[in-house]
$ cat my_file_8.csv   # CSV, C-alpha atoms
chain,number,residue,atom,x,y,z
A,5,MET,CA,106.3,172.8,177.8
A,6,THR,CA,106.7,172.2,174.1
A,7,THR,CA,110.3,172.3,172.8
A,8,THR,CA,111.4,173.2,169.4
A,9,PRO,CA,112.8,170.6,167.0
A,10,ILE,CA,116.4,171.9,167.4
A,11,GLU,CA,116.0,171.7,171.2
A,12,ARG,CA,114.8,168.1,170.9
A,13,ILE,CA,117.7,167.2,168.6
A,14,ARG,CA,120.1,168.7,171.1
A,15,GLU,CA,118.6,166.6,173.9
A,16,ALA,CA,118.7,163.4,171.9
A,17,LEU,CA,122.3,163.9,170.8
A,18,SER,CA,123.4,164.7,174.3
A,19,ARG,CA,122.1,161.3,175.4
A,20,ALA,CA,123.5,159.4,172.5
A,21,ASP,CA,126.9,157.8,172.3
A,22,ARG,CA,127.0,156.1,168.9
A,23,LEU,CA,125.7,158.1,165.9
A,24,ALA,CA,125.4,157.6,162.2
A,25,ILE,CA,124.9,160.4,159.6
A,26,THR,CA,123.7,159.8,156.1
A,27,SER,CA,122.4,161.9,153.2
A,28,HIS,CA,120.5,161.5,150.0
A,29,LEU,CA,121.3,159.3,147.0
A,30,ARG,CA,123.7,161.1,144.7
A,31,PRO,CA,125.0,163.2,147.5
A,32,ASP,CA,125.9,166.9,146.8
A,33,GLY,CA,128.2,169.4,148.4
A,34,ASP,CA,125.6,170.6,150.9
A,35,SER,CA,124.8,167.1,152.3
A,36,LEU,CA,128.4,165.9,152.2
A,37,CYS,CA,130.0,169.0,153.8
A,38,THR,CA,127.3,169.2,156.4
A,39,SER,CA,127.8,165.6,157.3
A,40,LEU,CA,131.5,166.3,157.8
A,41,ALA,CA,130.8,169.4,159.9
A,42,LEU,CA,128.3,167.6,162.2
A,43,ALA,CA,130.5,164.6,162.6
A,44,ALA,CA,133.5,166.8,163.7
A,45,ALA,CA,131.3,168.8,166.1
A,46,LEU,CA,129.8,165.6,167.6
A,47,GLU,CA,133.2,164.0,168.0
A,48,GLN,CA,134.4,167.1,169.9
A,49,MET,CA,131.6,166.2,172.3
A,50,GLY,CA,133.1,162.8,172.8
A,51,LYS,CA,130.5,161.0,170.5
A,52,ARG,CA,131.5,158.1,168.2
A,53,VAL,CA,130.2,159.1,164.7
A,54,ASP,CA,130.1,157.3,161.3
A,55,ILE,CA,129.2,158.9,158.0
A,56,VAL,CA,127.6,156.3,155.8
A,57,ASN,CA,126.1,156.9,152.3
A,58,ALA,CA,124.5,154.5,149.9
A,59,ASP,CA,126.1,156.2,146.9
A,60,ARG,CA,129.8,157.0,146.4
A,61,THR,CA,131.1,160.5,146.8
A,62,PRO,CA,131.1,162.4,143.5
A,63,TYR,CA,133.9,164.6,142.1
A,64,PRO,CA,135.2,167.1,143.2
A,65,PHE,CA,134.3,166.0,146.8
A,66,ALA,CA,135.9,162.6,146.3
A,67,ASN,CA,139.3,164.4,146.2
A,68,PHE,CA,138.7,166.1,149.6
A,69,ALA,CA,140.9,164.4,152.2
A,70,SER,CA,138.1,164.6,154.8
A,71,CYS,CA,135.7,162.7,152.5
A,72,ALA,CA,138.0,159.6,152.8
A,73,HIS,CA,136.3,158.9,156.1
A,74,ILE,CA,132.8,158.5,154.5
A,75,ARG,CA,131.8,154.8,154.3
A,76,ILE,CA,129.8,153.6,151.4
A,77,GLY,CA,127.2,150.9,152.3
A,78,GLN,CA,124.2,150.4,154.6
A,79,ILE,CA,123.6,151.4,158.2
A,80,ASP,CA,122.8,148.8,160.8
A,81,PRO,CA,120.5,150.9,163.1
A,82,GLY,CA,121.1,148.4,165.9
A,83,ALA,CA,124.7,149.6,166.1
A,84,TYR,CA,123.7,153.2,166.8
A,85,ASP,CA,121.7,155.2,169.3
A,86,ALA,CA,120.4,157.5,166.5
A,87,VAL,CA,120.7,158.0,162.7
A,88,ILE,CA,120.7,161.6,161.3
A,89,LEU,CA,119.3,161.8,157.8
A,90,LEU,CA,120.2,165.0,155.9
A,91,GLU,CA,118.1,166.3,153.0
A,92,CYS,CA,116.0,163.1,152.7
A,93,ALA,CA,112.3,163.6,151.9
A,94,ASP,CA,111.7,160.1,153.1
A,95,VAL,CA,113.9,157.1,154.2
A,96,SER,CA,114.0,155.7,150.7
A,97,ARG,CA,115.7,158.9,149.5
A,98,SER,CA,118.7,157.9,151.6
A,99,GLY,CA,119.0,154.5,149.9
A,100,MET,CA,119.2,152.9,153.3
A,101,THR,CA,117.1,149.9,154.2
A,102,GLY,CA,116.1,148.5,157.6
A,103,LEU,CA,116.0,151.8,159.4
A,104,ASP,CA,112.4,151.4,160.6
A,105,GLY,CA,113.3,150.2,164.1
A,106,GLY,CA,116.0,152.8,164.7
A,107,PHE,CA,115.8,156.3,166.2
A,108,LYS,CA,115.9,158.7,163.3
A,109,ILE,CA,116.5,162.5,163.2
A,110,ASN,CA,115.3,164.2,160.0
A,111,ILE,CA,117.1,167.5,159.1
A,112,ASP,CA,116.0,169.0,155.8
A,113,HIS,CA,115.5,172.3,154.0
A,114,HIS,CA,113.3,171.2,151.2
A,115,TYR,CA,109.6,171.8,150.7
A,116,SER,CA,108.9,168.2,150.0
A,117,ASN,CA,109.4,166.1,153.2
A,118,ASP,CA,107.2,163.4,154.7
A,119,ARG,CA,108.2,164.1,158.4
A,120,TYR,CA,108.9,160.4,158.9
A,121,ALA,CA,111.4,160.5,161.8
A,122,ASP,CA,111.3,160.5,165.5
A,123,ILE,CA,112.4,164.2,165.4
A,124,ASN,CA,111.7,166.2,162.3
A,125,TRP,CA,113.4,169.6,161.7
A,126,VAL,CA,112.3,170.8,158.3
A,127,GLN,CA,113.1,174.5,157.5
A,128,PRO,CA,112.5,175.3,153.8
A,129,GLU,CA,113.4,178.9,154.2
A,130,ALA,CA,117.0,177.9,155.0
A,131,SER,CA,119.5,178.4,152.2
A,132,ALA,CA,121.1,175.0,152.8
A,133,VAL,CA,121.2,172.2,155.4
A,134,GLY,CA,124.6,173.6,156.2
A,135,GLU,CA,123.0,176.7,157.5
A,136,MET,CA,120.7,174.6,159.8
A,137,ALA,CA,123.7,172.7,161.0
A,138,PHE,CA,125.4,175.9,162.0
A,139,ALA,CA,122.4,176.7,164.2
A,140,LEU,CA,122.5,173.2,165.6
A,141,ILE,CA,126.2,173.3,166.5
A,142,GLU,CA,125.6,176.6,168.3
A,143,GLU,CA,122.7,175.0,170.1
A,144,LEU,CA,125.0,172.1,171.2
A,145,GLY,CA,127.5,174.6,172.6
A,146,THR,CA,130.3,173.1,170.6
A,147,PRO,CA,133.2,175.4,169.4
A,148,ILE,CA,133.2,176.0,165.7
A,149,SER,CA,136.8,175.1,164.7
A,150,PRO,CA,138.3,176.3,161.4
A,151,GLU,CA,137.7,172.7,160.1
A,152,ILE,CA,134.0,172.8,160.9
A,153,ALA,CA,133.7,176.4,159.6
A,154,GLY,CA,135.2,175.4,156.3
A,155,HIS,CA,132.9,172.5,155.9
A,156,LEU,CA,129.8,174.6,156.6
A,157,TYR,CA,130.9,177.5,154.4
A,158,CYS,CA,131.5,174.9,151.6
A,159,ALA,CA,128.0,173.5,152.1
A,160,ILE,CA,126.3,176.9,151.8
A,161,ALA,CA,128.5,178.1,148.9
A,162,SER,CA,127.8,174.8,147.1
A,163,ASP,CA,124.0,174.9,147.5
A,164,THR,CA,123.6,178.6,146.7
A,165,GLY,CA,125.8,178.3,143.5
A,166,SER,CA,128.4,180.6,145.1
A,167,PHE,CA,125.5,182.9,146.3
A,168,GLN,CA,123.9,183.2,142.8
A,169,PHE,CA,120.8,181.1,143.3
A,170,SER,CA,117.4,182.3,144.6
A,171,ASN,CA,117.9,180.5,147.9
A,172,THR,CA,120.7,183.0,148.8
A,173,THR,CA,119.3,185.0,151.8
A,174,ALA,CA,120.5,187.6,154.3
A,175,ARG,CA,120.7,184.8,156.8
A,176,ALA,CA,123.1,182.8,154.5
A,177,PHE,CA,125.4,185.8,154.3
A,178,GLU,CA,125.2,186.3,158.0
A,179,VAL,CA,126.1,182.7,158.8
A,180,CYS,CA,129.0,182.7,156.2
A,181,HIS,CA,130.3,185.9,157.8
A,182,ARG,CA,130.4,184.1,161.1
A,183,LEU,CA,132.1,181.1,159.5
A,184,VAL,CA,134.8,183.2,158.0
A,185,GLN,CA,135.4,184.7,161.4
A,186,CYS,CA,135.8,181.2,162.7
A,187,GLY,CA,138.4,180.3,160.1
A,188,ALA,CA,136.6,179.4,156.9
A,189,ASP,CA,138.6,180.4,153.8
A,190,PRO,CA,136.3,181.6,151.0
A,191,LEU,CA,139.0,181.5,148.3
A,192,GLN,CA,140.0,178.0,149.1
A,193,VAL,CA,136.4,176.8,149.0
A,194,SER,CA,135.8,178.6,145.7
A,195,GLU,CA,138.9,177.1,144.2
A,196,SER,CA,137.9,173.6,145.3
A,197,LEU,CA,134.3,173.9,144.2
A,198,PHE,CA,134.3,176.0,141.1
A,199,HIS,CA,137.8,176.1,139.6
A,200,ASN,CA,138.8,172.4,139.8
A,201,ASN,CA,137.4,170.9,136.6
A,202,THR,CA,139.1,168.1,134.6
A,203,PRO,CA,139.5,168.4,130.8
A,204,GLU,CA,136.9,165.7,130.5
A,205,LYS,CA,134.4,167.7,132.5
A,206,VAL,CA,134.8,170.7,130.2
A,207,LEU,CA,134.4,168.5,127.2
A,208,LEU,CA,131.2,167.0,128.8
A,209,LEU,CA,129.9,170.5,129.3
A,210,GLY,CA,130.3,171.2,125.6
A,211,ARG,CA,128.6,168.0,124.5
A,212,VAL,CA,125.6,168.4,126.9
A,213,LEU,CA,125.1,172.1,125.8
A,214,SER,CA,125.1,170.9,122.2
A,215,THR,CA,121.8,169.1,123.0
A,216,LEU,CA,120.1,172.3,124.0
A,217,THR,CA,116.6,172.9,122.7
A,218,LEU,CA,114.1,175.7,123.5
A,219,ASN,CA,110.4,175.6,123.2
A,220,PRO,CA,108.7,178.1,120.8
A,221,ALA,CA,108.0,180.5,123.6
A,222,GLY,CA,111.7,180.4,124.6
A,223,ASP,CA,111.0,179.9,128.3
A,224,VAL,CA,111.7,176.2,128.7
A,225,ALA,CA,115.2,174.8,127.9
A,226,VAL,CA,115.9,171.1,127.6
A,227,ILE,CA,119.4,169.5,127.8
A,228,SER,CA,120.4,165.8,128.0
A,229,MET,CA,123.3,163.7,129.2
A,230,LEU,CA,123.4,160.0,128.1
A,231,ARG,CA,125.4,157.3,129.7
A,232,SER,CA,127.3,156.8,126.4
A,233,THR,CA,128.5,160.3,126.5
A,234,LEU,CA,129.9,159.9,130.1
A,235,GLN,CA,131.5,156.6,129.1
A,236,SER,CA,133.1,158.0,126.0
A,237,LEU,CA,134.9,160.5,128.2
A,238,GLY,CA,135.9,158.0,130.9
A,239,LEU,CA,133.5,159.5,133.4
A,240,ASN,CA,131.1,157.8,135.8
A,241,GLU,CA,129.5,160.3,138.1
A,242,VAL,CA,130.1,164.1,137.8
A,243,ASP,CA,128.7,167.3,139.2
A,244,THR,CA,126.6,169.0,136.5
A,245,GLU,CA,125.2,171.9,138.4
A,246,ASP,CA,127.2,174.4,136.4
A,247,ILE,CA,125.9,173.0,133.1
A,248,THR,CA,122.3,173.6,134.3
A,249,THR,CA,123.3,177.1,135.5
A,250,LEU,CA,124.6,178.0,132.0
A,251,ALA,CA,121.3,176.8,130.4
A,252,ARG,CA,119.3,178.8,132.9
A,253,SER,CA,121.3,181.9,132.2
A,254,ILE,CA,119.7,182.2,128.7
A,255,LYS,CA,117.5,185.3,128.6
A,256,GLY,CA,113.8,184.5,128.8
A,257,VAL,CA,114.3,180.9,130.1
A,258,ASN,CA,112.3,180.3,133.2
A,259,VAL,CA,112.7,176.5,133.4
A,260,VAL,CA,115.6,174.1,132.6
A,261,LEU,CA,114.9,170.4,132.3
A,262,PHE,CA,118.1,168.4,132.4
A,263,PHE,CA,117.6,164.7,131.5
A,264,LYS,CA,120.3,162.5,132.8
A,265,GLU,CA,120.3,158.8,131.8
A,266,MET,CA,120.7,156.6,134.9
A,267,GLU,CA,120.0,153.2,133.3
A,268,PRO,CA,118.6,152.3,129.9
A,269,GLY,CA,115.0,153.7,129.9
A,270,SER,CA,115.5,155.5,133.2
A,271,PHE,CA,116.2,159.3,133.4
A,272,ARG,CA,116.7,161.6,136.4
A,273,VAL,CA,115.4,165.0,135.5
A,274,SER,CA,116.8,168.0,137.3
A,275,ILE,CA,114.7,171.1,137.2
A,276,ARG,CA,116.1,174.6,137.7
A,277,SER,CA,113.7,177.5,137.5
A,278,ARG,CA,113.4,181.2,138.2
A,279,GLY,CA,110.6,183.7,138.6
A,280,GLU,CA,107.2,182.3,139.4
A,281,ALA,CA,108.0,178.9,137.9
A,282,HIS,CA,108.0,176.5,140.9
A,283,ALA,CA,110.5,173.6,140.3
A,284,ALA,CA,109.3,171.6,143.4
A,285,ALA,CA,105.7,171.7,142.3
A,286,ILE,CA,106.6,170.5,138.8
A,287,ALA,CA,108.7,167.7,140.3
A,288,GLU,CA,105.9,166.7,142.6
A,289,HIS,CA,103.6,166.2,139.6
A,290,TYR,CA,106.0,163.4,138.7
A,291,GLY,CA,106.5,162.1,142.2
A,292,GLY,CA,109.7,164.0,143.0
A,293,GLY,CA,110.4,167.1,145.0
A,294,GLY,CA,112.9,169.7,146.1
A,295,HIS,CA,113.1,173.5,146.4
A,296,ALA,CA,111.1,176.3,144.8
A,297,HIS,CA,113.8,176.8,142.1
A,298,ALA,CA,115.7,173.5,142.3
A,299,ALA,CA,114.1,170.1,142.2
A,300,GLY,CA,114.1,166.7,140.5
A,301,PHE,CA,112.2,163.6,139.6
A,302,THR,CA,112.7,160.3,137.7
A,303,VAL,CA,110.9,159.2,134.6
A,304,TYR,CA,110.9,156.0,132.5
A,305,GLY,CA,110.8,155.4,128.8
A,306,SER,CA,112.7,156.1,125.6
A,307,HIS,CA,114.7,159.3,125.4
A,308,GLU,CA,112.8,160.5,122.4
A,309,LYS,CA,109.4,159.9,123.9
A,310,LEU,CA,110.3,161.6,127.2
A,311,LEU,CA,111.8,164.6,125.4
A,312,ALA,CA,108.4,165.0,123.6
A,313,GLU,CA,106.1,164.4,126.5
A,314,VAL,CA,107.7,165.9,129.7
A,315,PRO,CA,108.5,169.4,128.4
A,316,ALA,CA,104.9,169.6,126.9
A,317,THR,CA,103.5,168.7,130.3
A,318,VAL,CA,105.7,171.2,132.1
A,319,GLU,CA,104.6,173.9,129.6
A,320,ARG,CA,101.0,173.1,130.4
A,321,LEU,CA,101.6,173.3,134.1
A,322,MET,CA,103.2,176.7,133.7
A,323,ARG,CA,100.5,178.0,131.4
A,324,GLU,CA,97.7,176.8,133.6
A,325,LYS,CA,99.6,178.0,136.7
A,326,ALA,CA,98.5,174.6,138.2
A,327,ALA,CA,102.0,173.9,139.6
A,328,ARG,CA,101.8,174.6,143.3
A,329,PRO,CA,103.9,172.9,146.0
A,330,ARG,CA,102.0,170.5,148.3
A,331,SER,CA,103.7,172.0,151.3
A,332,THR,CA,104.9,175.5,152.2
A,333,PRO,CA,107.6,176.9,154.5
A,334,SER,CA,106.8,176.8,158.2
$ encode --input "my_file_8.csv" --output "structure tokens"
Amino acid sequence: MTTTPIERIREALSRADRLAITSHLRPDGDSLCTSLALAAALEQMGKRVDIVNADRTPYPFANFASCAHIRIGQIDPGAYDAVILLECADVSRSGMTGLDGGFKINIDHHYSNDRYADINWVQPEASAVGEMAFALIEELGTPISPEIAGHLYCAIASDTGSFQFSNTTARAFEVCHRLVQCGADPLQVSESLFHNNTPEKVLLLGRVLSTLTLNPAGDVAVISMLRSTLQSLGLNEVDTEDITTLARSIKGVNVVLFFKEMEPGSFRVSIRSRGEAHAAAIAEHYGGGGHAHAAGFTVYGSHEKLLAEVPATVERLMREKAARPRSTPS
């Protein structure tokens, strides 16, 4: 009899003793808080769990006391019975090397995923991987403590932009309702996520928004953040989702392209879209991926050249309606 991915994961975790959890490069609130929730649930089952990420924890999550337990480095698969990868389209997205010989569990809610693991649970219709983790913890039969509930609520609130993004669903509200009943504090989560900016972050917001340009049709907005801007404010890595959200709030804008300089000549482009504009399909055109309305990719070249070429290509894809995701929800 064929079992579902969540049932196979439950069986694998019940047999395991040592587990590692990792998430994607430049981890976000969904992957970080889900890691913390899963680790706490598995530890309640008597498992030994390490959370290991290749990239350091960004602000404001770096200030969360529970995030102090996250180790930055590489995973030795030989030291664990299984490695859980959260929101990783492929192993390289985690930044981990040498995982080929280890038992891997792939849990993701993005359209773009290569189904590379021993067990693959990919659910693009889920609002967040935190929503999937809630279902998994219920499947494991582990009590949802106030600590776990808080982490999962934070994961979902973070990835839905405080329930403003298009991935907000009835199921997301249903799960969060259950989490509040289990002890999650919505006010505390909101304060930690959305009302905890430093003066430097607010200054950065102003400088990035000053780079805003619109195409003649007014439906594609472009903003940029250079490393020199971050350095001038004494910042290294910072959450910029709210900056993108402000640009997307402009009437008539269907796509926002946010160019973030990673290294000289290397830019990470975050895409946020609405309506029929499919962010993941645009990202896949450049070898990236993501959600229908939130995705990203990396491009190389001079800032001026990329600002001229990439938006023009995006406009063409939108006009030709050629942008379609390579995979659809299942």
$ atom_distance --input "my_file_8.csv" --atom1 "CA of Ala188 (chain A)" --atom2 "CA of Thr164 (chain A)"
16.5 Å
$ closest_residue --input "my_file_8.csv" --among "A:Pro9, A:Arg30, A:Pro147, A:Asn200" --to "Met266 (chain A)" --atoms "only C-alpha atoms"
A:Arg30
$ atom_distance --input "my_file_8.csv" --atom1 "CA of Phe169 (chain A)" --atom2 "CA of Ala139 (chain A)"
21.4 Å
$ closest_residue --input "my_file_8.csv" --among "A:Ala153, A:Val95, A:Leu216, A:Leu36" --to "Ala72 (chain A)" --atoms "only C-alpha atoms"
A:Leu36
$ residues_around --input "my_file_8.csv" --residues "Arg19 (chain A)" --least-positions-apart "4" --cutoff "10 Å" --atoms "only C-alpha atoms" --output "number ranges by chain"
A: 14-15, 51, 85-86
$ closest_residue --input "my_file_8.csv" --among "A:Ala66, A:Val179, A:Ile123, A:Leu23" --to "Thr7 (chain A)" --atoms "all atoms listed in the file"
A:Ile123
